[in-house]
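Novice: Have a look at this one before I ask anything.
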Amino acid sequence: MGSVTGFCFLLVLLLLQCLSASSSPPKKTYIVHMKHHDKPSIYPTHHDWYSASLQSLSISTDSESESDPLLYSYTTAYSGFAASLDAQQAQTLLGSDSVLDVYEDTLYQLHTTRTPEFLGLETQTGLWEGHRTQDLDQASHDVIIGVLDTGVWAESESFNDAGMPEIPSRWRGECENAPDFNATLCNRKLIGARSFSRGFHMASGGYGKRENEPVSPRDRDGHGTHTASTAAGSHVANASLLGYASGTARGMAPQARVAAYKVCWTDGCFASDILAGMDRAIQDGVDVLSLSLGGGSAPYFRDTIAIGAFAAMERGIFVSCSAGNSGPSRASLANVAPWIMTVGAGTLDRDFPAYTVLGNKKQFSGVSLYSGKGMGSEPVGLVYNKGSNQSGSICMPGSLDPAVVRGKVVVCDRGLNARVEKGKVVRDAGGIGMILANTAASGEELVADSHLLPAVAVGRIVGDQIREYASTDPNPTAALSFRGTVLNVRPSPVVAAFSSRGPNMVTKQILKPDVIGPGVNILAGWSEAIGPSGLSSDTRKTKFNIMSGTSMSCPHISGLAALLKAAHPDWSPSAIKSALMTTAYVHDNTKSPLRDAAGGAYSTPWAHGAGHVNPQKALSPGLVYDASTRDYIAFLCSLDYSPDHIQLIAKRPGVNCTRRFSDPGQLNYPSFSIVFDGKRVVRYTRILTNVGEPGSIYNVVVDGPSTVGITVKPTKLVFGKVGERRRYTVTFVSKKGAEDSVRSAFGSITWSNAQHLVRSPVAFAWTEL
């Protein structure tokens, strides 16, 4: 009897414990921004101070325990820490005098062989004026690119270190050991591999909940390997995706070093993990940071990437970020801080044609990377699930009736779910082919994919004709065929429809994006942990893959920045950005102004920024617009941020804003965004630094709309020495009635001599953007 009583007592105790546990408030990851200089002297380190702050809330900080609430202690990218807290604890911390701000962790998303030649990087002479190609290769050995992404497939041939000298002695990074990643996989090319997952695991319910995703730098997604090898992959002969885009693959800076920081996991990339990666990369000694990820736009003091990038910029590190894939929607940009290089995407002069022949004998061209057995030339039935069930027309999982689509080609509208997933939906329902048809949102932009079944992607105009035929013909049929790879496509580049657009809604006086680079159908290294479609059901293995997105254009610019850093080690991140922007081109290979894939019309600086990068000219820009940390603080002061908000970004106390710009547009930026908004006159001053030849003289040429008068004083700049700075003022006057006839317009200001063109785009707006 006694034993039964004891058992019941134990059961009650266990039940009470369970009830107690279940009633405890839920915890989340919070990022706590501390006043760095307020650390009491009794604490040896900031980490000790942060632990004590948590202990004051009666939270245990046992570092040996997996439940340690202190997830990260940041030192360089950020002043503060990330911790697992409930809402009440977060509120209590916020009441402390030493705490600037407390906010919930944010989830960011990834902005998911011919490129070097297209950019003019394969020329043997003349790339870097007055130097041989070998000189630039040699200098690149000292440049380190840190890539924050999904990790790295270290075994990829893109990270072969043959011929690379010893790792720079200043490097403080390392390679982690993990169950699926041996530190010895790193070498003189891939010199660092780390992972940061505490924010991800906290959001996923703790460690052990995701056994299939070990804490490791191993890339199980492919995205990180693709971006890292785009930036600085070694030369790999006979590279291709299942026969497509065959040739030699190489990154933008093939002699530079790579360090991979895995901050993105199954659910995305958590701000706490991104900050930890940036923090570590800065300490490790990277020269360039490449982040092909982002979220929505927010004030800079609430933008994790912007805050981390400010710390990097202060230490001379160039930060390149993708602009986002939310185009062609207006004002859809991410990563718009002026100390970040914001990169949009354009097409290459390479394509992967595929064809659709309908039963009415009409033939239409599209693109595809399908590499399996073809359909043959015999036409088969064609079906388009038009009607009240929209999920059927866009081929959402479970939306297709096998009785209707079995043995047929299915027309699927582009949108909502992944392009390759649509093909899987068709295949699973018994379909044998797919026509992926654009809608108005994607216009005429064609993105090739490695589909699981014969599939052709077509533009909106062709798509409308196919949809019409499939919906009206009593017995519609189609046959699909594939042609491989073609080069020298015209026109190119074209701005990708998916590339996010301005205007910049965080600071309307700063024009964004900054530039575009190759971002459509890019071949680069791939993870062998996943098939080329990225679908778990894809059992194909490939060492290279073709992907599209501003995720792909960003590392192109990161690699080019590494080349500029190698050629000009004393240049600031702002000078490198200026060189890439002022030498960018705005005409395609048919000598026509750049076009926009979304509608086929001419593109504008809200889509392409300063234009498409031109590495050869960027290495020798003549003049640069430079900006220092002090200038960026004056810029922040002009935004009317509170001292605490500025301290959040600049990490220094006592910023009193005695030096501030009268207008954020006074920042010495390589482009102009003029917002009249009720004013008739806007006047800005800029400073140019001579990085070209001594004794240089430049004259100005102005191009603008008829609705604006533009005056530049002086009209001639004379530079006696290299490093000399010269100032000019430009006055923009809106002509009477302009605000009634036009909402926006564009132009440019160009300083030139016989050797150099230094061009700045100008955007005009008459109303609140």
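Chain labels follow the order of the structure tokens: the first chain is A, the next B, and so on; residue numbering restarts at 1 in every chain, and ligands are counted from 1 in their shown order.
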Quick one: everything within 10 Å of Arg727 in chain A, counting only C-alpha atoms, minus sequence neighbours fewer than 4 positions away in the same chain. Send it as a list in words.

Specialist: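 Those residues are Thr685, Arg686, Ile687, Leu688, Thr689, Lys713, Pro714 and Leu717 of chain A.
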
Novice: Could the residues in this selection be saved with N, CA, C and O atoms as an mmCIF file, in the first residue's frame?

Specialist:
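Done, and the output landed in selection.cif:
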data_model
loop_
_atom_site.group_PDB
_atom_site.id
_atom_site.type_symbol
_atom_site.label_atom_id
_atom_site.label_comp_id
_atom_site.auth_asym_id
_atom_site.auth_seq_id
_atom_site.Cartn_x
_atom_site.Cartn_y
_atom_site.Cartn_z
ATOM 1 N N THR A 685 26.598 69.983 -52.839
ATOM 2 C CA THR A 685 28.041 70.105 -53.100
ATOM 3 C C THR A 685 28.666 68.726 -53.049
ATOM 4 O O THR A 685 28.307 67.901 -52.211
ATOM 5 N N ARG A 686 29.584 68.480 -53.963
ATOM 6 C CA ARG A 686 30.301 67.208 -54.011
ATOM 7 C C ARG A 686 31.805 67.481 -54.070
ATOM 8 O O ARG A 686 32.244 68.539 -54.546
ATOM 9 N N ILE A 687 32.576 66.492 -53.596
ATOM 10 C CA ILE A 687 34.042 66.588 -53.627
ATOM 11 C C ILE A 687 34.595 65.396 -54.396
ATOM 12 O O ILE A 687 34.247 64.244 -54.096
ATOM 13 N N LEU A 688 35.434 65.662 -55.371
ATOM 14 C CA LEU A 688 36.079 64.608 -56.158
ATOM 15 C C LEU A 688 37.560 64.550 -55.815
ATOM 16 O O LEU A 688 38.208 65.581 -55.639
ATOM 17 N N THR A 689 38.080 63.320 -55.706
ATOM 18 C CA THR A 689 39.500 63.097 -55.405
ATOM 19 C C THR A 689 40.178 62.505 -56.631
ATOM 20 O O THR A 689 39.660 61.540 -57.224
ATOM 21 N N LYS A 713 28.901 74.542 -60.889
ATOM 22 C CA LYS A 713 29.972 75.529 -60.714
ATOM 23 C C LYS A 713 31.074 74.930 -59.862
ATOM 24 O O LYS A 713 30.777 74.428 -58.774
ATOM 25 N N PRO A 714 32.355 74.981 -60.303
ATOM 26 C CA PRO A 714 32.805 75.421 -61.624
ATOM 27 C C PRO A 714 32.508 74.345 -62.676
ATOM 28 O O PRO A 714 32.144 73.221 -62.323
ATOM 29 N N LEU A 717 37.392 71.293 -63.564
ATOM 30 C CA LEU A 717 38.160 70.949 -62.358
ATOM 31 C C LEU A 717 39.597 70.640 -62.762
ATOM 32 O O LEU A 717 39.829 69.823 -63.660
#

Novice: Between A:Ala567, A:Val380, A:Val494, A:Val410, which has the minimum distance to Gly392 in chain A (counting only C-alpha atoms)?

Specialist: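 Of A:Ala567, A:Val380, A:Val494, A:Val410, the one nearest Gly392 in chain A, counting only C-alpha atoms, is A:Val410.
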
Novice: Env of Gln255 in chain A: 6 Å cut, atoms = only C-alpha atoms, seq-sep filter 4 positions within chain, self excluded. Answer as a list in words.

Specialist: Asp137, Ser140 and His141 of chain A

Novice: When you look at Arg172 in chain A with a cut-off of 12 Å (counting only C-alpha atoms), what residues show up, excluding the ones that are within fewer than 3 positions of it in the same chain? I need them as JSON, numbers by chain.

Specialist: {"A": [144, 167, 168, 169, 175, 191, 192, 193, 259, 280, 281, 282, 283, 284, 285, 286]}

Novice: Using only C-alpha atoms, pick whichever of A:Gly80, A:Gly376, A:Pro664, A:Gly423 has the shortest atom-to-atom distance to Gly308 in chain A.

Specialist: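 Among A:Gly80, A:Gly376, A:Pro664, A:Gly423, it is A:Gly80 that comes nearest to Gly308 in chain A.
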
Novice: So the first atom is CA of Asp631 in chain A and the second is CA of Ser322 in chain A; what is the distance between them in Å, to one decimal place?

Specialist: 23.9 Å

Novice: Would you mind telling me which residue in A:Leu71, A:Leu93, A:Val147, A:Ile576 lies nearest to Ala260 in chain A when using only C-alpha atoms?

Specialist: A:Val147
